[in-house]
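Student: Here you go, upload.cif (mmCIF, C-alpha atoms):
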```cif
data_entry
#
loop_
_atom_site.label_atom_id
_atom_site.label_comp_id
_atom_site.auth_asym_id
_atom_site.auth_seq_id
_atom_site.Cartn_x
_atom_site.Cartn_y
_atom_site.Cartn_z
CA MET A 1 79.63 -84.88 130.36
CA ASN A 2 80.21 -87.66 127.87
CA LEU A 3 80.80 -87.22 124.14
CA PHE A 4 77.18 -88.05 123.22
CA GLN A 5 75.83 -85.43 125.63
CA LEU A 6 78.31 -82.86 124.36
CA LEU A 7 77.32 -83.50 120.73
CA SER A 8 73.63 -83.41 121.67
CA LEU A 9 74.11 -80.08 123.43
CA LYS A 10 75.97 -78.62 120.42
CA LEU A 11 73.23 -79.86 118.09
CA TRP A 12 70.52 -78.41 120.33
CA LYS A 13 72.30 -75.01 120.41
CA LYS A 14 72.70 -75.07 116.63
CA LYS A 15 68.99 -75.84 116.14
CA LYS A 16 68.06 -73.07 118.60
CA LYS A 17 70.21 -70.52 116.72
CA LEU A 18 68.71 -71.63 113.41
CA LYS A 19 65.16 -71.26 114.76
CA GLU A 20 65.96 -67.79 116.16
CA ARG A 21 67.41 -66.78 112.80
CA GLU A 22 64.31 -68.01 110.96
CA GLU A 23 62.11 -65.98 113.31
CA ASP A 24 64.29 -62.90 112.73
CA ASP A 25 64.11 -63.41 108.96
CA GLU A 26 60.32 -63.32 108.85
CA ILE A 27 58.83 -60.27 107.22
CA ARG A 28 57.60 -58.08 110.03
CA VAL A 29 55.39 -55.65 108.09
CA LYS A 30 53.98 -56.73 104.78
CA PRO A 31 54.19 -54.06 102.13
CA LEU A 32 51.03 -52.93 100.41
CA LEU A 33 52.88 -51.77 97.30
CA LEU A 34 56.06 -53.02 95.68
CA ILE A 35 56.84 -50.32 93.12
CA GLN A 36 59.27 -50.92 90.29
CA PHE A 37 60.34 -47.59 88.80
CA GLY A 38 62.79 -46.79 86.04
CA THR A 39 63.31 -45.09 82.75
CA PRO A 40 62.28 -47.02 79.63
CA ARG A 41 64.93 -49.37 78.20
CA SER A 42 66.66 -49.87 81.57
CA ALA A 43 65.45 -53.46 82.14
CA THR A 44 62.41 -52.39 84.14
CA THR A 45 60.29 -55.25 82.84
CA LEU A 46 62.80 -57.90 83.92
CA GLN A 47 62.92 -56.48 87.44
CA TYR A 48 59.12 -56.14 87.49
CA GLU A 49 58.54 -59.73 86.32
CA ALA A 50 61.04 -61.05 88.89
CA LEU A 51 59.34 -59.01 91.64
CA CYS A 52 55.92 -60.39 90.68
CA GLY A 53 57.25 -63.95 90.77
CA ALA A 54 59.08 -63.44 94.05
CA ALA A 55 56.06 -61.77 95.69
CA CYS A 56 53.83 -64.66 94.60
CA LEU A 57 56.25 -67.15 96.13
CA VAL A 58 56.59 -65.23 99.40
CA PHE A 59 53.04 -64.00 99.98
CA GLY A 60 51.04 -66.48 97.90
CA ALA A 61 49.80 -65.94 94.35
CA GLN A 62 46.22 -65.42 95.54
CA GLU A 63 47.39 -62.42 97.64
CA ILE A 64 49.19 -60.54 94.83
CA ASP A 65 48.18 -58.25 91.98
CA CYS A 66 50.78 -57.34 89.36
CA ILE A 67 49.97 -54.33 87.17
CA TYR A 68 51.54 -51.88 84.77
CA GLY A 69 50.74 -48.62 86.47
CA ASP A 70 51.48 -45.74 84.10
CA PHE A 71 47.84 -45.58 83.00
CA LEU A 72 46.40 -46.64 86.34
CA GLN A 73 43.34 -44.73 87.53
CA MET A 74 43.67 -44.08 91.25
CA ASN A 75 39.93 -44.09 91.94
CA LYS A 76 40.00 -46.77 94.63
CA PRO A 77 42.63 -47.85 97.17
CA PHE A 78 44.70 -50.99 96.78
CA GLU A 79 43.37 -53.76 98.99
CA ARG A 80 45.85 -56.53 98.20
CA ILE A 81 49.62 -56.56 97.94
CA THR A 82 50.30 -55.01 94.54
CA VAL A 83 53.43 -54.97 92.40
CA ILE A 84 53.36 -51.93 90.12
CA LYS A 85 55.65 -51.14 87.21
CA LEU A 86 56.04 -47.41 86.51
CA HIS A 87 57.89 -45.21 84.06
CA SER A 88 55.74 -42.16 84.79
CA ARG A 89 57.14 -39.80 87.36
CA ASP A 90 53.74 -38.11 87.72
CA LYS A 91 52.01 -41.39 88.51
CA LEU A 92 54.73 -42.24 91.03
CA GLU A 93 54.26 -38.86 92.73
CA GLU A 94 50.52 -39.50 92.91
CA ILE A 95 50.98 -42.93 94.52
CA LEU A 96 53.58 -41.65 96.99
CA ARG A 97 51.17 -38.93 98.13
CA LEU A 98 48.37 -41.44 98.78
CA TYR A 99 50.17 -44.16 100.76
CA GLU A 100 52.26 -44.35 103.90
CA PRO A 101 55.98 -44.87 103.19
CA ASP A 102 56.28 -47.86 105.53
CA ARG A 103 53.84 -49.76 103.27
CA ILE A 104 55.81 -49.03 100.08
CA TRP A 105 58.87 -50.97 98.95
CA MET A 106 60.64 -49.22 96.08
CA PHE A 107 62.76 -50.98 93.46
CA ALA A 108 64.44 -49.15 90.59
CA THR A 109 66.51 -49.65 87.50
CA SER A 110 69.34 -47.43 86.32
CA ARG A 111 70.99 -47.25 82.94
CA ASP A 112 74.22 -45.44 83.84
CA GLY A 113 75.96 -47.60 86.42
CA GLY A 114 74.66 -45.53 89.28
CA ASN A 115 76.66 -42.41 88.45
CA ASN A 116 73.69 -40.20 87.65
CA ARG A 117 71.48 -39.28 90.61
CA ILE A 118 68.39 -38.94 88.42
CA SER A 119 68.43 -42.49 87.08
CA THR A 120 69.42 -44.12 90.36
CA GLY A 121 66.37 -42.85 92.15
CA GLN A 122 68.18 -40.47 94.49
CA TYR A 123 66.05 -37.64 93.12
CA LEU A 124 62.92 -39.45 94.31
CA GLN A 125 64.11 -39.31 97.89
CA GLU A 126 65.13 -35.69 97.53
CA GLU A 127 62.04 -34.41 95.71
CA PHE A 128 59.18 -36.66 96.81
CA ARG A 129 59.79 -38.03 100.29
CA SER A 130 63.00 -38.45 102.15
CA ASN A 131 61.50 -41.37 104.08
CA VAL A 132 60.83 -43.54 101.01
CA SER A 133 63.87 -45.70 100.49
CA PHE A 134 64.89 -48.00 97.72
CA ILE A 135 65.15 -51.69 98.50
CA GLN A 136 67.13 -52.41 95.35
CA ILE A 137 68.57 -50.50 92.41
CA GLN A 138 69.38 -52.78 89.48
CA HIS A 139 71.96 -51.33 87.13
CA PHE A 140 71.64 -52.01 83.42
CA GLU A 141 75.38 -52.55 83.14
CA SER A 142 75.23 -55.49 85.53
CA LEU A 143 72.49 -56.98 83.37
CA GLY A 144 74.91 -56.80 80.45
CA ARG A 145 77.53 -58.68 82.47
CA ARG A 146 75.31 -61.17 84.29
CA GLY A 147 72.21 -61.53 82.11
CA PHE A 148 68.98 -62.64 83.73
CA TYR A 149 70.98 -63.84 86.77
CA VAL A 150 70.65 -60.29 88.15
CA VAL A 151 67.30 -61.47 89.56
CA ARG A 152 69.30 -63.46 92.12
CA ASP A 153 70.02 -60.11 93.79
CA LEU A 154 66.50 -60.28 95.21
CA THR A 155 67.97 -62.48 97.96
CA ASN A 156 69.32 -59.34 99.63
CA THR A 157 65.91 -57.72 100.08
CA PRO A 158 63.26 -57.81 102.81
CA LEU A 159 61.44 -60.46 100.77
CA ASN A 160 63.77 -62.97 102.46
CA LEU A 161 63.64 -65.45 99.61
CA THR A 162 64.89 -68.94 100.31
CA VAL A 163 67.47 -70.53 98.01
CA ALA A 164 64.71 -72.62 96.40
CA GLN A 165 62.60 -69.51 95.80
CA VAL A 166 65.53 -67.65 94.25
CA ASP A 167 66.18 -70.66 92.00
CA ALA A 168 62.51 -70.65 90.94
CA VAL A 169 62.55 -66.91 90.14
CA THR A 170 65.83 -67.33 88.23
CA GLU A 171 64.43 -70.21 86.18
CA PHE A 172 61.29 -68.19 85.43
CA ALA A 173 63.44 -65.21 84.33
CA ARG A 174 65.50 -67.48 82.09
CA PHE A 175 62.50 -68.74 80.14
CA TRP A 176 60.76 -65.37 80.21
CA GLU A 177 63.86 -63.80 78.63
CA ILE A 178 63.87 -66.40 75.83
CA LEU A 179 60.18 -65.85 75.06
CA ARG A 180 60.52 -62.08 75.20
CA ARG A 181 63.30 -62.10 72.62
CA CYS A 182 61.99 -64.78 70.28
CA CYS A 183 58.31 -63.96 70.22
CA GLY A 184 57.76 -60.54 71.74
CA ALA A 185 58.21 -56.92 70.81
CA GLN A 186 61.97 -57.22 71.29
CA MET A 187 62.64 -59.94 68.72
CA SER A 188 65.32 -58.99 66.22
CA HIS A 189 64.26 -57.04 63.15
CA ASP A 190 65.87 -59.66 60.88
CA TYR A 191 63.86 -62.46 62.46
CA ARG A 192 60.63 -60.41 62.33
CA PHE A 193 61.29 -59.69 58.63
CA ARG A 194 61.75 -63.42 57.93
CA LEU A 195 58.43 -64.19 59.62
CA THR A 196 56.46 -61.69 57.54
#
```
Let's see the structure in the file written out as structure tokens.
Tutor:
Amino acid sequence: MNLFQLLSLKLWKKKKKLKEREEDDEIRVKPLLLIQFGTPRSATTLQYEALCGAACLVFGAQEIDCIYGDFLQMNKPFERITVIKLHSRDKLEEILRLYEPDRIWMFATSRDGGNNRISTGQYLQEEFRSNVSFIQIQHFESLGRRGFYVVRDLTNTPLNLTVAQVDAVTEFARFWEILRRCCGAQMSHDYRFRLT
């Protein structure tokens, strides 16, 4: 075997491995619900907004609904992939009773560094369903250290985001964070006073 054939064979094997990996990385079962759950003031909205953006990139924006679910009326079933943000434990219990666990991907936020079982979501698995598992738990303390870059942690989820998709979600989070602080409910009191 000459050098050209050897290099061609190595390249062919590399391409074959890459193709197999891409096939393995595909999402096997699409979720029906991506639920973001956490206590208020634990960066739930950042995780929720990042999930909505990531889901739109992965599944297509026309296939996704993003809703705040605490006041959601459960009078009809979800028909499209839906990202739901919840603070209400009662509403979460209601949703978990209605849908199969293999169609639910749970994401949570915690405000105590993961030391308290109640805020990390462990109690959900113990009290609601042991077969509902959390895809990601975002700790508030890491948000303090890393800022909006915590959304890059979505790469390690079944969403299988590409590098370009993670970059897009990160850029979205960056500008969303600026708008939220300058013009939203979380602008500083001093700045709000100056505007009035």
Student: Smallest atom-to-atom distance to Phe140 (chain A): which of A:Ile35, A:Val29, A:Leu57, A:Leu46, using all atoms listed in the file?
Tutor: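 Of the candidates, the smallest distance to Phe140 (chain A) is held by A:Leu46.
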Student: Show me, as an MDAnalysis selection string, the residues that have an atom within 6 Å of region 108-112 of chain A when counting all atoms listed in the file, minus same-chain residues fewer than 3 positions from it.
Tutor: chainID A and resid 36:38 42 44 119:120 137:140
Student: Could you write out as a list in words the residues that the PyMOL selection byres ((chain A and resi 106) around 10) matches in the shown file?
Tutor: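 Written out, the selection comes to Leu33, Leu34, Ile35, Gln36, Phe37, Val83, Ile84, Pro101, Arg103, Ile104, Trp105, Phe107, Ala108, Gly121, Val132, Ser133, Phe134, Ile135, Gln136 and Ile137 of chain A.
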Student: Could you tell me how far CA of Thr155 (chain A) lies from CA of Ala54 (chain A), in Å and to one decimal?
Tutor: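 Computed distance, CA of Thr155 (chain A) to CA of Ala54 (chain A), equals 9.8 Å.
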Student: Suppose you want the space between CA of Ser88 (chain A) and CA of Gly147 (chain A); what is it in Å?
Tutor: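 Taking CA of Ser88 (chain A) as the start and CA of Gly147 (chain A) as the end point, the length is 25.6 Å.
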Student: Which is closer to Asp70 (chain A) than all the others in A:Ala55, A:Asp190, A:Lys91, A:Ala50, using all atoms listed in the file?
Tutor: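 Nearest to Asp70 (chain A): A:Lys91.
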Student: For Cys66 (chain A), which of A:Lys30, A:His189, A:Arg152, A:Lys85 is the closest residue, counting only C-alpha atoms?
Tutor: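 The shortest atom-to-atom distance to Cys66 (chain A) comes from A:Lys85.
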Student: Please compute the CA of Arg181 (chain A)-CA of Phe71 (chain A) distance, one decimal, in Å.
Tutor: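 The value is 24.9 Å.
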Student: Using only C-alpha atoms, which residue out of A:Tyr48, A:Tyr191, A:Tyr99, A:Phe78 lies closest to Val169 (chain A)?
Tutor: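 Of A:Tyr48, A:Tyr191, A:Tyr99, A:Phe78, the one nearest Val169 (chain A) is A:Tyr48, counting only C-alpha atoms.
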Student: Quick one: residues within 12 Å of Thr162 (chain A), all atoms listed in the file counted, chain neighbours fewer than 3 positions away excluded, as number ranges by chain?
Tutor: A: 22, 25-26, 54, 57-58, 152, 154-159, 165-169
Student: Could you check the closest approach to Gln62 (chain A) for each of A:Ile81, A:Val150, A:Ile178, A:Leu96 and tell me which residue wins, using all atoms listed in the file?
Tutor: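 Among the listed residues, A:Ile81 lies closest to Gln62 (chain A).
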